[in-house]
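Here's structure-v3.pdb, which has PDB, C-alpha atoms:
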ATOM      1  CA  MET A   1     105.979 275.152  77.421
ATOM      2  CA  GLY A   2     103.221 273.455  75.413
ATOM      3  CA  ARG A   3     101.063 270.618  76.705
ATOM      4  CA  ASP A   4     102.858 267.878  74.770
ATOM      5  CA  GLU A   5     106.291 269.076  75.805
ATOM      6  CA  LEU A   6     105.145 269.533  79.392
ATOM      7  CA  GLY A   7     103.820 265.967  79.465
ATOM      8  CA  GLU A   8     107.154 264.715  78.247
ATOM      9  CA  VAL A   9     109.134 266.726  80.796
ATOM     10  CA  LEU A  10     106.876 265.719  83.691
ATOM     11  CA  ASN A  11     106.660 262.078  82.593
ATOM     12  CA  PHE A  12     102.910 262.001  82.027
ATOM     13  CA  ASP A  13     101.567 260.495  78.848
ATOM     14  CA  ASP A  14      99.373 262.401  76.406
ATOM     15  CA  GLU A  15      96.146 261.271  78.038
ATOM     16  CA  HIS A  16      97.157 261.938  81.620
ATOM     17  CA  ILE A  17      98.724 265.367  81.141
ATOM     18  CA  VAL A  18      95.291 266.710  80.155
ATOM     19  CA  GLY A  19      93.779 265.578  83.462
ATOM     20  CA  VAL A  20      96.810 266.683  85.468
ATOM     21  CA  LEU A  21      96.727 270.196  84.017
ATOM     22  CA  ASP A  22      92.968 270.440  84.571
ATOM     23  CA  PHE A  23      93.327 269.253  88.162
ATOM     24  CA  LEU A  24      96.198 271.620  88.954
ATOM     25  CA  GLY A  25      94.323 274.466  87.272
ATOM     26  CA  ASN A  26      91.203 273.765  89.324
ATOM     27  CA  LEU A  27      93.312 273.765  92.474
ATOM     28  CA  GLY A  28      94.735 277.138  91.471
ATOM     29  CA  VAL A  29      98.282 275.774  91.490
ATOM     30  CA  ILE A  30      98.854 276.659  87.853
ATOM     31  CA  GLU A  31      97.292 279.005  85.366
ATOM     32  CA  THR A  32      97.390 279.038  81.618
ATOM     33  CA  ILE A  33      98.662 282.140  79.885
ATOM     34  CA  GLY A  34      98.454 281.820  76.152
ATOM     35  CA  ASN A  35     100.025 278.499  75.282
ATOM     36  CA  ASP A  36     102.044 278.344  78.474
ATOM     37  CA  ALA A  37     101.118 276.910  81.848
ATOM     38  CA  VAL A  38     102.812 278.645  84.754
ATOM     39  CA  LEU A  39     102.901 278.178  88.503
ATOM     40  CA  THR A  40     100.760 280.632  90.425
ATOM     41  CA  GLU A  41     101.930 282.227  93.643
ATOM     42  CA  ILE A  42     100.305 279.478  95.702
ATOM     43  CA  GLY A  43     101.698 276.911  93.262
ATOM     44  CA  THR A  44     105.181 278.234  93.907
ATOM     45  CA  SER A  45     104.546 277.997  97.655
ATOM     46  CA  VAL A  46     103.417 274.387  97.232
ATOM     47  CA  ALA A  47     106.500 273.562  95.185
ATOM     48  CA  ASN A  48     108.861 275.064  97.734
ATOM     49  CA  ALA A  49     107.183 273.865 100.932
ATOM     50  CA  ARG A  50     108.383 270.993 103.068
ATOM     51  CA  LEU A  51     106.209 267.876 102.957
ATOM     52  CA  SER A  52     104.006 268.564 105.987
ATOM     53  CA  ALA A  53     103.466 272.217 105.054
ATOM     54  CA  ARG A  54     102.818 271.210 101.453
ATOM     55  CA  ARG A  55     100.139 268.759 102.558
ATOM     56  CA  GLY A  56      98.451 271.505 104.538
ATOM     57  CA  LEU A  57      98.525 273.885 101.594
ATOM     58  CA  VAL A  58      97.171 271.301  99.145
ATOM     59  CA  ALA A  59      94.505 270.150 101.606
ATOM     60  CA  GLY A  60      93.337 273.751 101.922
ATOM     61  CA  LEU A  61      93.061 274.031  98.143
ATOM     62  CA  ILE A  62      91.229 270.710  97.829
ATOM     63  CA  ILE A  63      88.654 271.816 100.387
ATOM     64  CA  GLN A  64      87.838 274.768  98.124
ATOM     65  CA  LEU A  65      87.016 272.534  95.139
ATOM     66  CA  PRO A  66      83.251 272.648  94.464
ATOM     67  CA  ILE A  67      83.051 268.857  94.159
ATOM     68  CA  THR A  68      84.770 268.348  97.523
ATOM     69  CA  ARG A  69      82.477 270.825  99.243
ATOM     70  CA  ALA A  70      79.431 269.305  97.566
ATOM     71  CA  ILE A  71      80.294 265.767  98.647
ATOM     72  CA  VAL A  72      81.178 266.812 102.188
ATOM     73  CA  ASN A  73      77.911 268.771 102.402
ATOM     74  CA  ALA A  74      75.953 265.822 101.022
ATOM     75  CA  VAL A  75      77.482 263.485 103.613
ATOM     76  CA  SER A  76      76.932 265.967 106.434
ATOM     77  CA  ARG A  77      73.214 266.106 105.606
ATOM     78  CA  GLN A  78      72.834 262.361 106.102
ATOM     79  CA  PRO A  79      71.621 260.826 109.358
ATOM     80  CA  GLY A  80      74.720 259.738 111.241
ATOM     81  CA  ARG A  81      76.782 261.905 108.901
ATOM     82  CA  SER A  82      77.639 258.959 106.699
ATOM     83  CA  ILE A  83      76.402 257.575 103.418
ATOM     84  CA  PHE A  84      76.925 254.409 101.427
ATOM     85  CA  ARG A  85      79.038 254.780  98.337
ATOM     86  CA  LYS A  86      76.288 253.433  96.083
ATOM     87  CA  GLN A  87      73.838 255.958  97.477
ATOM     88  CA  LEU A  88      76.270 258.791  96.843
ATOM     89  CA  LEU A  89      76.824 257.559  93.286
ATOM     90  CA  LEU A  90      73.088 257.719  92.709
ATOM     91  CA  GLY A  91      73.177 261.229  94.102
ATOM     92  CA  LEU A  92      75.876 262.076  91.593
ATOM     93  CA  GLY A  93      73.518 261.166  88.775
ATOM     94  CA  ALA A  94      75.737 258.215  87.916
ATOM     95  CA  ALA A  95      73.229 256.190  85.914
ATOM     96  CA  PRO A  96      74.050 257.601  82.446
ATOM     97  CA  CYS A  97      77.783 256.946  82.777
ATOM     98  CA  PRO A  98      78.383 254.565  85.701
ATOM     99  CA  GLU A  99      82.042 253.740  84.995
ATOM    100  CA  GLU A 100      83.089 257.369  84.656
ATOM    101  CA  ALA A 101      81.060 258.369  87.707
ATOM    102  CA  ASP A 102      82.621 255.542  89.720
ATOM    103  CA  ARG A 103      86.094 256.701  88.766
ATOM    104  CA  ALA A 104      85.236 260.346  89.418
ATOM    105  CA  LEU A 105      83.875 259.499  92.846
ATOM    106  CA  ASP A 106      87.015 257.529  93.702
ATOM    107  CA  HIS A 107      89.117 260.573  92.894
ATOM    108  CA  ALA A 108      86.864 263.032  94.706
ATOM    109  CA  VAL A 109      86.621 260.899  97.849
ATOM    110  CA  SER A 110      90.379 260.364  97.873
ATOM    111  CA  TRP A 111      90.871 264.151  97.674
ATOM    112  CA  ALA A 112      88.425 264.721 100.548
ATOM    113  CA  ARG A 113      90.177 262.027 102.585
ATOM    114  CA  TYR A 114      93.509 263.700 101.869
ATOM    115  CA  ALA A 115      92.038 266.970 103.119
ATOM    116  CA  GLY A 116      90.898 265.204 106.284
ATOM    117  CA  ARG A 117      87.208 265.824 105.633
ATOM    118  CA  LEU A 118      85.976 262.299 104.883
ATOM    119  CA  SER A 119      86.817 258.744 105.784
ATOM    120  CA  TYR A 120      85.994 255.698 103.703
ATOM    121  CA  ASP A 121      85.459 252.133 104.873
ATOM    122  CA  ALA A 122      86.150 249.957 101.842
ATOM    123  CA  GLN A 123      84.644 246.888 103.513
ATOM    124  CA  THR A 124      81.245 248.417 104.184
ATOM    125  CA  GLY A 125      81.336 250.998 101.398
ATOM    126  CA  GLN A 126      80.486 253.698 103.897
ATOM    127  CA  ILE A 127      81.706 257.270 103.454
ATOM    128  CA  SER A 128      81.667 259.341 106.643
ATOM    129  CA  LEU A 129      82.647 262.763 107.866
ATOM    130  CA  ALA A 130      86.126 262.579 109.342
TER     131      ALA A 130
ATOM    132  CA  MET B   1      62.610 259.483  89.766
ATOM    133  CA  PRO B   2      61.952 258.938  93.472
ATOM    134  CA  ALA B   3      62.999 261.795  95.710
ATOM    135  CA  SER B   4      65.644 259.613  97.357
ATOM    136  CA  GLN B   5      67.345 259.104  93.979
ATOM    137  CA  GLU B   6      67.362 262.718  92.859
ATOM    138  CA  PRO B   7      70.886 263.849  92.063
ATOM    139  CA  MET B   8      72.337 265.702  95.030
ATOM    140  CA  ILE B   9      75.331 267.197  93.296
ATOM    141  CA  GLN B  10      74.770 266.526  89.624
ATOM    142  CA  LEU B  11      76.073 269.884  88.460
ATOM    143  CA  GLN B  12      79.473 269.240  89.928
ATOM    144  CA  LEU B  13      79.708 265.802  88.331
ATOM    145  CA  GLY B  14      79.652 267.387  84.907
ATOM    146  CA  ASP B  15      82.589 269.559  85.905
ATOM    147  CA  LEU B  16      84.471 266.704  87.453
ATOM    148  CA  LEU B  17      84.162 264.013  84.804
ATOM    149  CA  PRO B  18      86.387 265.571  82.148
ATOM    150  CA  ILE B  19      89.177 265.933  84.702
ATOM    151  CA  CYS B  20      88.829 262.505  86.254
ATOM    152  CA  ALA B  21      88.580 260.724  82.938
ATOM    153  CA  HIS B  22      92.170 261.691  82.274
ATOM    154  CA  LEU B  23      93.735 261.781  85.727
ATOM    155  CA  PRO B  24      96.286 259.063  86.431
ATOM    156  CA  THR B  25      95.481 256.757  89.323
ATOM    157  CA  MET B  26      97.908 258.025  91.923
ATOM    158  CA  SER B  27      97.736 259.668  95.316
ATOM    159  CA  VAL B  28      97.563 263.434  95.693
ATOM    160  CA  ASP B  29     101.087 263.420  97.151
ATOM    161  CA  GLN B  30     102.418 261.444  94.182
ATOM    162  CA  LEU B  31     100.668 263.676  91.685
ATOM    163  CA  ILE B  32     101.771 266.949  93.259
ATOM    164  CA  GLY B  33     105.263 265.538  93.722
ATOM    165  CA  ALA B  34     105.608 264.475  90.100
ATOM    166  CA  ALA B  35     103.967 267.519  88.560
ATOM    167  CA  ILE B  36     105.179 270.321  90.806
ATOM    168  CA  VAL B  37     107.781 269.434  93.419
ATOM    169  CA  ARG B  38     110.149 267.319  91.363
ATOM    170  CA  ALA B  39     109.451 269.089  88.077
ATOM    171  CA  PRO B  40     112.518 270.260  86.174
ATOM    172  CA  ALA B  41     113.302 273.918  86.773
ATOM    173  CA  ASP B  42     112.286 274.914  83.273
ATOM    174  CA  ALA B  43     108.963 273.051  83.299
ATOM    175  CA  TRP B  44     106.910 275.841  84.822
ATOM    176  CA  GLY B  45     107.209 279.562  84.731
ATOM    177  CA  ALA B  46     106.311 281.486  87.874
ATOM    178  CA  THR B  47     103.965 284.432  88.180
ATOM    179  CA  SER B  48     105.108 287.309  90.300
TER     180      SER B  48
END
Can I see the file as structure tokens?
Amino acid sequence: MGRDELGEVLNFDDEHIVGVLDFLGNLGVIETIGNDAVLTEIGTSVANARLSARRGLVAGLIIQLPITRAIVNAVSRQPGRSIFRKQLLLGLGAAPCPEEADRALDHAVSWARYAGRLSYDAQTGQISLA
Amino acid sequence: MPASQEPMIQLQLGDLLPICAHLPTMSVDQLIGAAIVRAPADAWGATS
């Protein structure tokens, strides 16, 4: 099934289906073969798992993402094992594209929180090891 | 650039930005649910 058709079937618009496919591909949940995107073995397990088991599977995949590991490692190197969001954004090299970096960091931190590796205090802007 | 402002994980940002620029703002559970769990049977093939 092509990207456009897949977006239609899954109810994602043209813009979002690109990001969704990239994200799922990076997780290893799908792979692209020719023009088709198919579930991998682990993707099939995720699809068929009950909610709690599914969360465990997805968390395990998220932990393997290079960006998740890099952020968790960066936080773990800080005194007190926590870092302010602004400081981490600087560390991401955010200056050339601050809006995109801000959005990217939001996603990455939310993935790491999902995986139980980080916590985020929105009031203080502090990101800490969970 | 002062040492304290040197990018810690700049390489990964380049990999991440193209994905995040297009990802919908939804939780991981919502995204996986919509894309994988509740997907119509013919949406995805399965590898053996």
(message) What's around Leu21 in chain A at 10 Å? Count all atoms listed in the file, leave out sequence neighbours fewer than 4 positions away in its own chain, and write the answer as a list in words.
(response)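 In the requested format, the answer is Arg3, Leu6, Gly7, His16, Ile17, Gly25, Asn26, Leu27, Val29, Ile30, Glu31, Thr32 and Ala37 of chain A; Ile19, His22, Leu23 and Ala35 of chain B.
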(message) Could you tell me how far CA of Glu8 in chain A sits from CA of Trp111 in chain A, in Å to one decimal place?
(response)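 Separation of CA of Trp111 in chain A and CA of Glu8 in chain A: 25.4 Å.
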(request) Go through A:Val75, A:Leu61, A:Leu129, A:Leu90 one by one, measure the shortest atom-to-atom distance of each to chain B using all atoms listed in the file, and give the residue with the smallest value. (result)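 Residue with the minimum atom-to-atom distance to chain B: A:Leu90.
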(request) Evaluate the ChimeraX specification (/B :<6) & /A on the structure here and hand back the selected residues as a list of chain:residue names. (result) A:Leu10, A:Glu15, A:His16, A:Gly19, A:Val20, A:Asp22, A:Val38, A:Leu39, A:Thr40, A:Ala47, A:Ile67, A:Gly91, A:Leu92, A:Gly93, A:Ala104
(request) Report the distance between CA of Leu57 in chain A and CA of Arg113 in chain A in Å, rounded to one decimal place. (result)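 Separation of CA of Leu57 in chain A and CA of Arg113 in chain A: 14.5 Å.
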(request) Figure out the distance between CA of Ala122 in chain A and CA of Gly60 in chain A, please, to one decimal in Å. (result) 24.9 Å
(message) Neighbouring residues of Asp36 in chain A were defined as those with any atom within 7 Å, considering all atoms listed in the file; residues of the same chain fewer than 3 positions away were excluded. Please report them as a VMD selection string.
(response) chain A and resid 1 to 2 32 to 33
(message) Nearest residue to Ile42 in chain A out of A:Gly28, A:Phe23, A:Arg54, A:Ser128, using all atoms listed in the file?
(response)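 Nearest to Ile42 in chain A: A:Gly28.
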(request) On this file, the PyMOL selection byres ((chain A and resi 68) around 10) gives some set of residues; write that set as a PyMOL selection string. (result) (chain A and resi 62-67+69-74+108-113+115+117-118) or (chain B and resi 12)
